[in-house]
>>> print(open('start09.tsv').read())   # TSV, C-alpha atoms
chain	number	residue	atom	x	y	z
A	1	MET	CA	0.00	0.00	0.00
A	2	PRO	CA	-0.93	2.55	-1.03
A	3	HIS	CA	-2.47	1.63	-4.38
A	4	LEU	CA	-3.58	4.42	-6.71
A	5	HIS	CA	-5.86	4.06	-9.74
A	6	LEU	CA	-6.29	6.86	-12.25
A	7	GLU	CA	-9.09	6.39	-14.77
A	8	TYR	CA	-9.55	8.83	-17.62
A	9	THR	CA	-12.02	8.96	-20.47
A	10	ALA	CA	-10.65	8.39	-23.96
A	11	ASN	CA	-11.72	11.85	-25.14
A	12	LEU	CA	-9.02	13.45	-22.95
A	13	THR	CA	-6.45	12.76	-25.63
A	14	GLN	CA	-3.78	15.12	-24.39
A	15	LEU	CA	-3.42	13.62	-20.94
A	16	ASP	CA	0.15	12.53	-20.22
A	17	THR	CA	-0.38	9.57	-17.92
A	18	ASP	CA	3.32	8.94	-17.30
A	19	LYS	CA	3.75	12.46	-16.04
A	20	ALA	CA	0.51	12.24	-14.08
A	21	LEU	CA	1.45	9.08	-12.20
A	22	LEU	CA	4.93	10.33	-11.38
A	23	ARG	CA	3.57	13.60	-10.02
A	24	LEU	CA	0.89	11.86	-7.98
A	25	ASN	CA	3.49	9.53	-6.51
A	26	HIS	CA	5.74	12.46	-5.62
A	27	VAL	CA	2.87	14.09	-3.75
A	28	LEU	CA	2.23	10.87	-1.84
A	29	VAL	CA	5.91	10.59	-0.88
A	30	ALA	CA	5.96	14.23	0.19
A	31	SER	CA	2.94	13.70	2.43
A	32	GLY	CA	5.10	11.71	4.81
A	33	GLN	CA	2.26	9.25	5.31
A	34	PHE	CA	3.94	6.26	3.68
A	35	GLY	CA	6.99	4.38	4.80
A	36	ALA	CA	8.92	4.10	1.56
A	37	GLU	CA	8.53	5.52	-1.95
A	38	PHE	CA	8.78	1.91	-3.11
A	39	ASP	CA	5.41	1.10	-1.51
A	40	ILE	CA	3.43	3.42	-3.77
A	41	LYS	CA	1.90	1.48	-6.64
A	42	SER	CA	0.01	3.53	-9.23
A	43	ARG	CA	-1.57	2.79	-12.59
A	44	SER	CA	-3.73	4.50	-15.14
A	45	LEU	CA	-6.56	3.08	-17.19
A	46	LYS	CA	-8.09	4.63	-20.28
A	47	VAL	CA	-11.86	4.30	-20.32
A	48	ASP	CA	-13.13	3.81	-23.88
A	49	SER	CA	-16.78	3.14	-23.02
A	50	PHE	CA	-18.37	5.68	-20.70
A	51	ARG	CA	-21.40	7.85	-20.09
A	52	VAL	CA	-21.62	10.95	-17.90
A	53	GLY	CA	-25.19	11.63	-16.89
A	54	THR	CA	-27.99	11.38	-19.42
A	55	ALA	CA	-27.53	14.47	-21.60
A	56	MET	CA	-25.76	14.07	-24.94
A	57	THR	CA	-23.24	16.85	-24.20
A	58	ALA	CA	-19.52	16.16	-24.69
A	59	ARG	CA	-18.23	15.15	-21.27
A	60	GLY	CA	-15.34	13.31	-19.71
A	61	PHE	CA	-13.67	12.66	-16.39
A	62	VAL	CA	-10.52	11.83	-14.54
A	63	ALA	CA	-11.21	9.71	-11.47
A	64	VAL	CA	-8.46	8.94	-8.97
A	65	ARG	CA	-8.89	6.35	-6.25
A	66	LEU	CA	-6.32	6.01	-3.49
A	67	ALA	CA	-6.60	2.78	-1.50
A	68	LEU	CA	-4.67	2.94	1.73
A	69	LEU	CA	-4.43	0.95	4.92
A	70	SER	CA	-7.09	1.78	7.47
A	71	GLY	CA	-6.28	3.85	10.53
A	72	ARG	CA	-5.47	7.33	9.26
A	73	SER	CA	-7.39	10.33	10.60
A	74	ALA	CA	-10.14	12.10	8.70
A	75	GLN	CA	-7.94	15.18	8.50
A	76	VAL	CA	-4.99	13.31	7.01
A	77	LYS	CA	-7.25	11.68	4.43
A	78	LYS	CA	-8.84	14.97	3.48
A	79	GLN	CA	-5.41	16.54	3.01
A	80	LEU	CA	-4.22	13.63	0.87
A	81	SER	CA	-7.32	13.88	-1.29
A	82	GLU	CA	-6.96	17.60	-1.82
A	83	SER	CA	-3.27	17.40	-2.66
A	84	LEU	CA	-3.95	14.67	-5.25
A	85	LEU	CA	-6.77	16.73	-6.77
A	86	ALA	CA	-4.39	19.69	-7.05
A	87	VAL	CA	-2.04	17.53	-9.14
A	88	VAL	CA	-4.87	16.40	-11.39
A	89	GLN	CA	-6.06	19.95	-11.95
A	90	GLU	CA	-2.60	20.85	-13.28
A	91	LEU	CA	-2.68	18.05	-15.86
A	92	GLY	CA	-4.48	20.14	-18.47
A	93	PRO	CA	-5.02	21.66	-20.95
A	94	TRP	CA	-8.39	19.99	-21.36
A	95	PRO	CA	-10.11	19.72	-24.72
A	96	GLU	CA	-12.28	22.63	-25.84
A	97	GLY	CA	-16.00	22.04	-25.57
A	98	VAL	CA	-15.78	19.05	-23.24
A	99	GLN	CA	-17.14	19.27	-19.71
A	100	VAL	CA	-14.49	17.52	-17.63
A	101	GLN	CA	-14.97	16.37	-14.04
A	102	LEU	CA	-11.96	15.63	-11.86
A	103	SER	CA	-12.38	13.65	-8.65
A	104	VAL	CA	-10.36	11.94	-5.94
A	105	GLU	CA	-11.71	9.34	-3.54
A	106	LEU	CA	-9.98	7.52	-0.71
A	107	LEU	CA	-10.75	3.94	0.21
A	108	ASP	CA	-9.69	2.34	3.48
A	109	ILE	CA	-8.35	-1.19	3.13
A	110	ASP	CA	-8.51	-3.50	6.12
A	111	ARG	CA	-5.04	-3.54	7.61
A	112	ASP	CA	-5.26	-6.94	9.28
A	113	SER	CA	-6.03	-8.87	6.11
A	114	TYR	CA	-3.56	-7.09	3.84
A	115	SER	CA	-0.70	-9.38	2.78
A	116	LYS	CA	2.33	-8.57	0.70
A	117	VAL	CA	5.79	-9.70	-0.23
A	118	ALA	CA	8.58	-8.11	-2.29
A	119	ILE	CA	10.77	-10.06	-4.71
A	120	GLY	CA	14.14	-9.02	-6.13
B	1	MET	CA	-20.26	10.81	-7.29
B	2	PRO	CA	-21.76	8.46	-7.95
B	3	HIS	CA	-19.32	6.37	-9.97
B	4	LEU	CA	-20.59	3.25	-11.70
B	5	HIS	CA	-18.45	0.44	-13.13
B	6	LEU	CA	-19.91	-2.26	-15.36
B	7	GLU	CA	-17.63	-5.22	-16.06
B	8	TYR	CA	-18.67	-7.91	-18.53
B	9	THR	CA	-16.94	-11.01	-19.77
B	10	ALA	CA	-15.83	-11.09	-23.38
B	11	ASN	CA	-18.08	-14.04	-24.21
B	12	LEU	CA	-21.17	-11.85	-23.85
B	13	THR	CA	-20.67	-10.57	-27.36
B	14	GLN	CA	-24.14	-9.13	-27.88
B	15	LEU	CA	-24.06	-6.76	-24.92
B	16	ASP	CA	-24.68	-3.17	-26.00
B	17	THR	CA	-22.66	-1.22	-23.46
B	18	ASP	CA	-23.69	2.21	-24.72
B	19	LYS	CA	-27.31	1.33	-24.22
B	20	ALA	CA	-26.55	-0.30	-20.88
B	21	LEU	CA	-24.76	2.71	-19.43
B	22	LEU	CA	-27.41	5.14	-20.59
B	23	ARG	CA	-30.19	3.04	-19.06
B	24	LEU	CA	-28.32	2.62	-15.80
B	25	ASN	CA	-27.74	6.36	-15.61
B	26	HIS	CA	-31.41	7.04	-16.26
B	27	VAL	CA	-32.35	4.77	-13.37
B	28	LEU	CA	-29.93	6.58	-11.09
B	29	VAL	CA	-31.37	9.95	-12.08
B	30	ALA	CA	-34.90	8.67	-11.55
B	31	SER	CA	-34.02	7.46	-8.06
B	32	GLY	CA	-33.86	11.05	-6.89
B	33	GLN	CA	-30.81	10.24	-4.79
B	34	PHE	CA	-28.33	12.34	-6.73
B	35	GLY	CA	-28.22	16.10	-7.12
B	36	ALA	CA	-27.67	16.40	-10.85
B	37	GLU	CA	-27.63	14.04	-13.81
B	38	PHE	CA	-24.21	15.53	-14.57
B	39	ASP	CA	-22.76	13.92	-11.43
B	40	ILE	CA	-23.29	10.34	-12.59
B	41	LYS	CA	-20.11	8.96	-14.10
B	42	SER	CA	-20.35	5.46	-15.58
B	43	ARG	CA	-18.03	3.24	-17.60
B	44	SER	CA	-17.90	-0.30	-18.88
B	45	LEU	CA	-14.92	-2.62	-19.09
B	46	LYS	CA	-14.71	-5.79	-21.14
B	47	VAL	CA	-12.98	-8.59	-19.23
B	48	ASP	CA	-10.96	-10.76	-21.62
B	49	SER	CA	-9.29	-12.94	-18.99
B	50	PHE	CA	-11.64	-14.48	-16.45
B	51	ARG	CA	-12.60	-17.65	-14.64
B	52	VAL	CA	-15.89	-18.45	-12.95
B	53	GLY	CA	-15.47	-21.16	-10.34
B	54	THR	CA	-13.38	-24.23	-11.10
B	55	ALA	CA	-15.56	-26.24	-13.51
B	56	MET	CA	-14.82	-26.02	-17.22
B	57	THR	CA	-18.41	-25.08	-18.12
B	58	ALA	CA	-19.05	-22.04	-20.34
B	59	ARG	CA	-19.74	-19.18	-17.95
B	60	GLY	CA	-19.72	-15.43	-17.88
B	61	PHE	CA	-20.84	-12.48	-15.79
B	62	VAL	CA	-21.90	-8.88	-15.71
B	63	ALA	CA	-20.78	-7.17	-12.51
B	64	VAL	CA	-21.94	-3.66	-11.65
B	65	ARG	CA	-20.41	-1.65	-8.85
B	66	LEU	CA	-21.96	1.61	-7.74
B	67	ALA	CA	-19.69	3.74	-5.55
B	68	LEU	CA	-21.61	6.46	-3.77
B	69	LEU	CA	-20.98	8.89	-0.95
B	70	SER	CA	-21.52	7.44	2.50
B	71	GLY	CA	-24.59	8.27	4.53
B	72	ARG	CA	-27.52	6.73	2.67
B	73	SER	CA	-29.83	4.32	4.48
B	74	ALA	CA	-29.74	0.55	4.06
B	75	GLN	CA	-33.18	0.69	2.48
B	76	VAL	CA	-32.17	3.29	-0.10
B	77	LYS	CA	-29.09	1.30	-1.01
B	78	LYS	CA	-31.04	-1.90	-1.38
B	79	GLN	CA	-33.54	-0.20	-3.66
B	80	LEU	CA	-30.78	1.30	-5.79
B	81	SER	CA	-29.14	-2.09	-6.12
B	82	GLU	CA	-32.34	-3.83	-7.13
B	83	SER	CA	-33.27	-1.18	-9.67
B	84	LEU	CA	-29.83	-1.42	-11.28
B	85	LEU	CA	-30.07	-5.21	-11.40
B	86	ALA	CA	-33.45	-4.92	-13.11
B	87	VAL	CA	-31.79	-2.89	-15.87
B	88	VAL	CA	-29.00	-5.43	-16.28
B	89	GLN	CA	-31.48	-8.28	-16.53
B	90	GLU	CA	-33.11	-6.56	-19.48
B	91	LEU	CA	-29.83	-6.30	-21.39
B	92	GLY	CA	-30.11	-9.74	-22.94
B	93	PRO	CA	-30.48	-11.90	-24.95
B	94	TRP	CA	-27.60	-13.86	-23.44
B	95	PRO	CA	-25.66	-16.43	-25.45
B	96	GLU	CA	-27.02	-19.97	-25.62
B	97	GLY	CA	-25.19	-22.47	-23.46
B	98	VAL	CA	-23.41	-19.94	-21.27
B	99	GLN	CA	-24.23	-19.68	-17.58
B	100	VAL	CA	-24.39	-15.95	-16.92
B	101	GLN	CA	-24.35	-14.34	-13.51
B	102	LEU	CA	-25.51	-10.77	-13.05
B	103	SER	CA	-24.67	-8.85	-9.89
B	104	VAL	CA	-24.81	-5.38	-8.40
B	105	GLU	CA	-22.82	-4.22	-5.41
B	106	LEU	CA	-22.78	-0.86	-3.66
B	107	LEU	CA	-19.68	0.64	-2.13
B	108	ASP	CA	-19.74	3.53	0.32
B	109	ILE	CA	-17.05	6.14	-0.31
B	110	ASP	CA	-15.94	8.32	2.56
B	111	ARG	CA	-17.69	11.65	2.11
B	112	ASP	CA	-15.19	13.78	4.00
B	113	SER	CA	-12.22	12.86	1.85
B	114	TYR	CA	-13.96	13.02	-1.52
B	115	SER	CA	-12.71	15.93	-3.63
B	116	LYS	CA	-13.89	17.08	-6.99
B	117	VAL	CA	-13.92	19.96	-9.42
B	118	ALA	CA	-15.67	20.55	-12.74
B	119	ILE	CA	-14.03	22.23	-15.73
B	120	GLY	CA	-15.72	23.78	-18.75
C	1	MET	CA	-19.71	-13.11	-4.49
C	2	PRO	CA	-16.85	-13.41	-4.07
C	3	HIS	CA	-15.31	-11.29	-6.82
C	4	LEU	CA	-11.57	-11.44	-7.36
C	5	HIS	CA	-9.47	-8.99	-9.39
C	6	LEU	CA	-5.87	-9.70	-10.30
C	7	GLU	CA	-3.93	-6.80	-11.75
C	8	TYR	CA	-0.41	-7.28	-13.09
C	9	THR	CA	2.03	-4.93	-14.71
C	10	ALA	CA	2.84	-5.48	-18.37
C	11	ASN	CA	6.54	-6.12	-17.67
C	12	LEU	CA	5.67	-9.46	-16.02
C	13	THR	CA	5.51	-11.09	-19.42
C	14	GLN	CA	5.72	-14.69	-18.26
C	15	LEU	CA	2.69	-14.59	-16.01
C	16	ASP	CA	0.13	-17.23	-16.96
C	17	THR	CA	-3.13	-15.59	-15.99
C	18	ASP	CA	-5.34	-18.56	-16.90
C	19	LYS	CA	-3.36	-20.76	-14.55
C	20	ALA	CA	-3.30	-18.03	-11.91
C	21	LEU	CA	-7.07	-17.52	-11.87
C	22	LEU	CA	-7.82	-21.23	-11.76
C	23	ARG	CA	-5.43	-21.78	-8.85
C	24	LEU	CA	-6.81	-18.80	-6.95
C	25	ASN	CA	-10.34	-20.09	-7.44
C	26	HIS	CA	-9.34	-23.54	-6.23
C	27	VAL	CA	-7.94	-22.02	-3.04
C	28	LEU	CA	-11.16	-20.10	-2.48
C	29	VAL	CA	-13.23	-23.26	-2.95
C	30	ALA	CA	-10.95	-25.16	-0.59
C	31	SER	CA	-11.36	-22.50	2.09
C	32	GLY	CA	-14.92	-23.66	2.66
C	33	GLN	CA	-16.01	-20.04	3.01
C	34	PHE	CA	-18.16	-19.90	-0.12
C	35	GLY	CA	-21.32	-21.77	-0.86
C	36	ALA	CA	-20.63	-22.98	-4.38
C	37	GLU	CA	-17.65	-22.98	-6.71
C	38	PHE	CA	-19.98	-21.35	-9.22
C	39	ASP	CA	-20.13	-18.19	-7.09
C	40	ILE	CA	-16.44	-17.34	-7.47
C	41	LYS	CA	-15.95	-14.79	-10.23
C	42	SER	CA	-12.34	-13.89	-11.03
C	43	ARG	CA	-10.63	-11.81	-13.72
C	44	SER	CA	-7.19	-10.50	-14.53
C	45	LEU	CA	-6.23	-7.15	-15.97
C	46	LYS	CA	-2.90	-6.27	-17.53
C	47	VAL	CA	-1.72	-2.82	-16.48
C	48	ASP	CA	0.16	-1.12	-19.32
C	49	SER	CA	0.59	2.29	-17.69
C	50	PHE	CA	2.00	2.20	-14.17
C	51	ARG	CA	4.55	3.73	-11.82
C	52	VAL	CA	5.93	2.19	-8.64
C	53	GLY	CA	7.29	4.88	-6.33
C	54	THR	CA	9.42	7.68	-7.71
C	55	ALA	CA	12.75	6.01	-8.50
C	56	MET	CA	13.47	5.02	-12.11
C	57	THR	CA	14.30	1.40	-11.17
C	58	ALA	CA	12.59	-1.47	-13.06
C	59	ARG	CA	9.62	-2.42	-10.94
C	60	GLY	CA	6.33	-4.23	-11.26
C	61	PHE	CA	3.51	-5.67	-9.21
C	62	VAL	CA	0.75	-8.21	-8.95
C	63	ALA	CA	-2.18	-6.89	-6.93
C	64	VAL	CA	-5.07	-9.16	-5.97
C	65	ARG	CA	-8.29	-7.81	-4.52
C	66	LEU	CA	-10.90	-10.16	-3.11
C	67	ALA	CA	-14.30	-8.54	-2.58
C	68	LEU	CA	-16.54	-10.63	-0.35
C	69	LEU	CA	-19.77	-10.18	1.52
C	70	SER	CA	-19.40	-8.53	4.90
C	71	GLY	CA	-19.62	-10.55	8.10
C	72	ARG	CA	-16.58	-12.81	8.14
C	73	SER	CA	-14.20	-12.73	11.09
C	74	ALA	CA	-10.82	-11.00	11.04
C	75	GLN	CA	-9.15	-14.37	11.39
C	76	VAL	CA	-10.96	-15.88	8.41
C	77	LYS	CA	-10.11	-12.87	6.30
C	78	LYS	CA	-6.46	-12.99	7.28
C	79	GLN	CA	-6.28	-16.68	6.39
C	80	LEU	CA	-7.93	-16.10	3.02
C	81	SER	CA	-5.50	-13.31	2.25
C	82	GLU	CA	-2.45	-15.37	3.16
C	83	SER	CA	-3.58	-18.40	1.18
C	84	LEU	CA	-4.15	-16.23	-1.90
C	85	LEU	CA	-0.74	-14.63	-1.50
C	86	ALA	CA	0.83	-18.08	-1.33
C	87	VAL	CA	-0.68	-18.88	-4.74
C	88	VAL	CA	0.60	-15.64	-6.22
C	89	GLN	CA	4.11	-16.28	-4.92
C	90	GLU	CA	4.17	-19.57	-6.82
C	91	LEU	CA	3.31	-17.89	-10.12
C	92	GLY	CA	6.92	-17.07	-10.96
C	93	PRO	CA	9.55	-17.10	-12.30
C	94	TRP	CA	9.72	-13.31	-12.24
C	95	PRO	CA	11.85	-11.36	-14.70
C	96	GLU	CA	15.48	-10.78	-13.80
C	97	GLY	CA	16.29	-7.29	-12.62
C	98	VAL	CA	12.72	-6.25	-11.88
C	99	GLN	CA	11.64	-5.54	-8.32
C	100	VAL	CA	8.22	-7.21	-8.06
C	101	GLN	CA	5.70	-6.60	-5.29
C	102	LEU	CA	2.91	-9.05	-4.67
C	103	SER	CA	-0.10	-8.07	-2.57
C	104	VAL	CA	-3.55	-9.27	-1.56
C	105	GLU	CA	-6.25	-7.07	-0.10
C	106	LEU	CA	-9.75	-7.97	1.05
C	107	LEU	CA	-12.70	-5.67	0.68
C	108	ASP	CA	-15.98	-6.14	2.51
C	109	ILE	CA	-19.06	-5.56	0.38
C	110	ASP	CA	-22.30	-4.60	2.07
C	111	ARG	CA	-24.38	-7.75	2.23
C	112	ASP	CA	-27.78	-6.06	2.39
C	113	SER	CA	-27.41	-4.16	-0.86
C	114	TYR	CA	-25.83	-6.94	-2.90
C	115	SER	CA	-28.15	-8.22	-5.64
C	116	LYS	CA	-27.62	-11.04	-8.06
C	117	VAL	CA	-29.34	-13.40	-10.41
C	118	ALA	CA	-28.12	-16.38	-12.44
C	119	ILE	CA	-29.25	-17.11	-15.99
C	120	GLY	CA	-28.96	-20.38	-17.87
>>> encode(input="start09.tsv", output="structure tokens")
Amino acid sequence: MPHLHLEYTANLTQLDTDKALLRLNHVLVASGQFGAEFDIKSRSLKVDSFRVGTAMTARGFVAVRLALLSGRSAQVKKQLSESLLAVVQELGPWPEGVQVQLSVELLDIDRDSYSKVAIG
Amino acid sequence: MPHLHLEYTANLTQLDTDKALLRLNHVLVASGQFGAEFDIKSRSLKVDSFRVGTAMTARGFVAVRLALLSGRSAQVKKQLSESLLAVVQELGPWPEGVQVQLSVELLDIDRDSYSKVAIG
Amino acid sequence: MPHLHLEYTANLTQLDTDKALLRLNHVLVASGQFGAEFDIKSRSLKVDSFRVGTAMTARGFVAVRLALLSGRSAQVKKQLSESLLAVVQELGPWPEGVQVQLSVELLDIDRDSYSKVAIG
């Protein structure tokens, strides 16, 4: 832990996911909440099939989920969320004429049943 | 929020995901649980590598997850789940000779650490 | 339920996901925690865009998430997690020169709002 997922709709063609993941990871390291930079595992996924709402307007989204071990305070989680959103906001420019929603959610993962091992 | 994920196995070749997502979003709007149709962000993902159980029978699944902000009652969540499942059931026909499982799960997302912004 | 997701980074080119999913499902059946082998729905997803930490070292991961209905004891969940991790550890060999992290997390899904139906 932590595990970060970044989903983005395929109409956000200018998004540089390599840069995005590296910046997000740097923010997580800088938060001081995680033991080693090595522990931060992030990935992005392009969403080709999507629908925002019911109107036929051009829309898209970037959705970040950070899964982290349970036990952190509400304040710490809120700060993490806001600092990740700040990174996402700087990932533009966004395409003209597309309504883009950016979001960050945090998900607690049960600490007692989390297992891991490192190889190599 | 809410965020909806629809996963379906690649052997369900007749599934119309565009139609599915639009219908699911309409049901969420009609529930009256969400402030604006604009807030509903849905996507589908085709699962090419999968295994149902351990028998070698032809099987597949459609799995819907609705992530929504914490705080709704058990009754409201149960109704949302059942109304989404009703939509999924109507998405057939399903392929002959394939055992298909349809499921809907709801996941509470911590309200205090959810961040978002809209652009454009 | 249960639903299992196995994510693996694209640099783990020798991973046999068919074998992996079947073995993981067999372990879940053998646990005695689930009513029918038919209920176990597993899939794998190759992650093409990822970043582990901030260093430029060659790194990768296999991340398993088991979502199961709420109500099981901490001890049962810990045992399930460890037995799944044991399967993942045996999936090697892993590529030379790549630091690989293997992890298993369990996620409780609200039992009352879980809906499903089987067809065929």
>>> interface_residues(input="start09.tsv", of="chain C", to="chain A", cutoff="7 Å", atoms="all atoms listed in the file", output="MDAnalysis selection string")
chainID C and resid 47 49:54 77:78 81:82 85 98:107
>>> atom_distance(input="start09.tsv", atom1="CA of Pro93 (chain A)", atom2="CA of Asp48 (chain A)")
19.8 Å
>>> atom_distance(input="start09.tsv", atom1="CA of Gly92 (chain A)", atom2="CA of Ala55 (chain C)")
24.4 Å
>>> atom_distance(input="start09.tsv", atom1="CA of Ser70 (chain B)", atom2="CA of Val64 (chain C)")
24.9 Å
>>> axis_aligned_box(input="start09.tsv", around="region 94-101 of chain C", padding_each_side="8 Å", output="AutoDock Vina command-line options")
--center_x 11.0 --center_y -9.4 --center_z -10.0 --size_x 26.6 --size_y 23.8 --size_z 25.4
>>> closest_residue(input="start09.tsv", among="B:Glu96, B:Leu66, B:Ala86, B:Arg72", to="Gln14 (chain B)", atoms="all atoms listed in the file")
B:Glu96
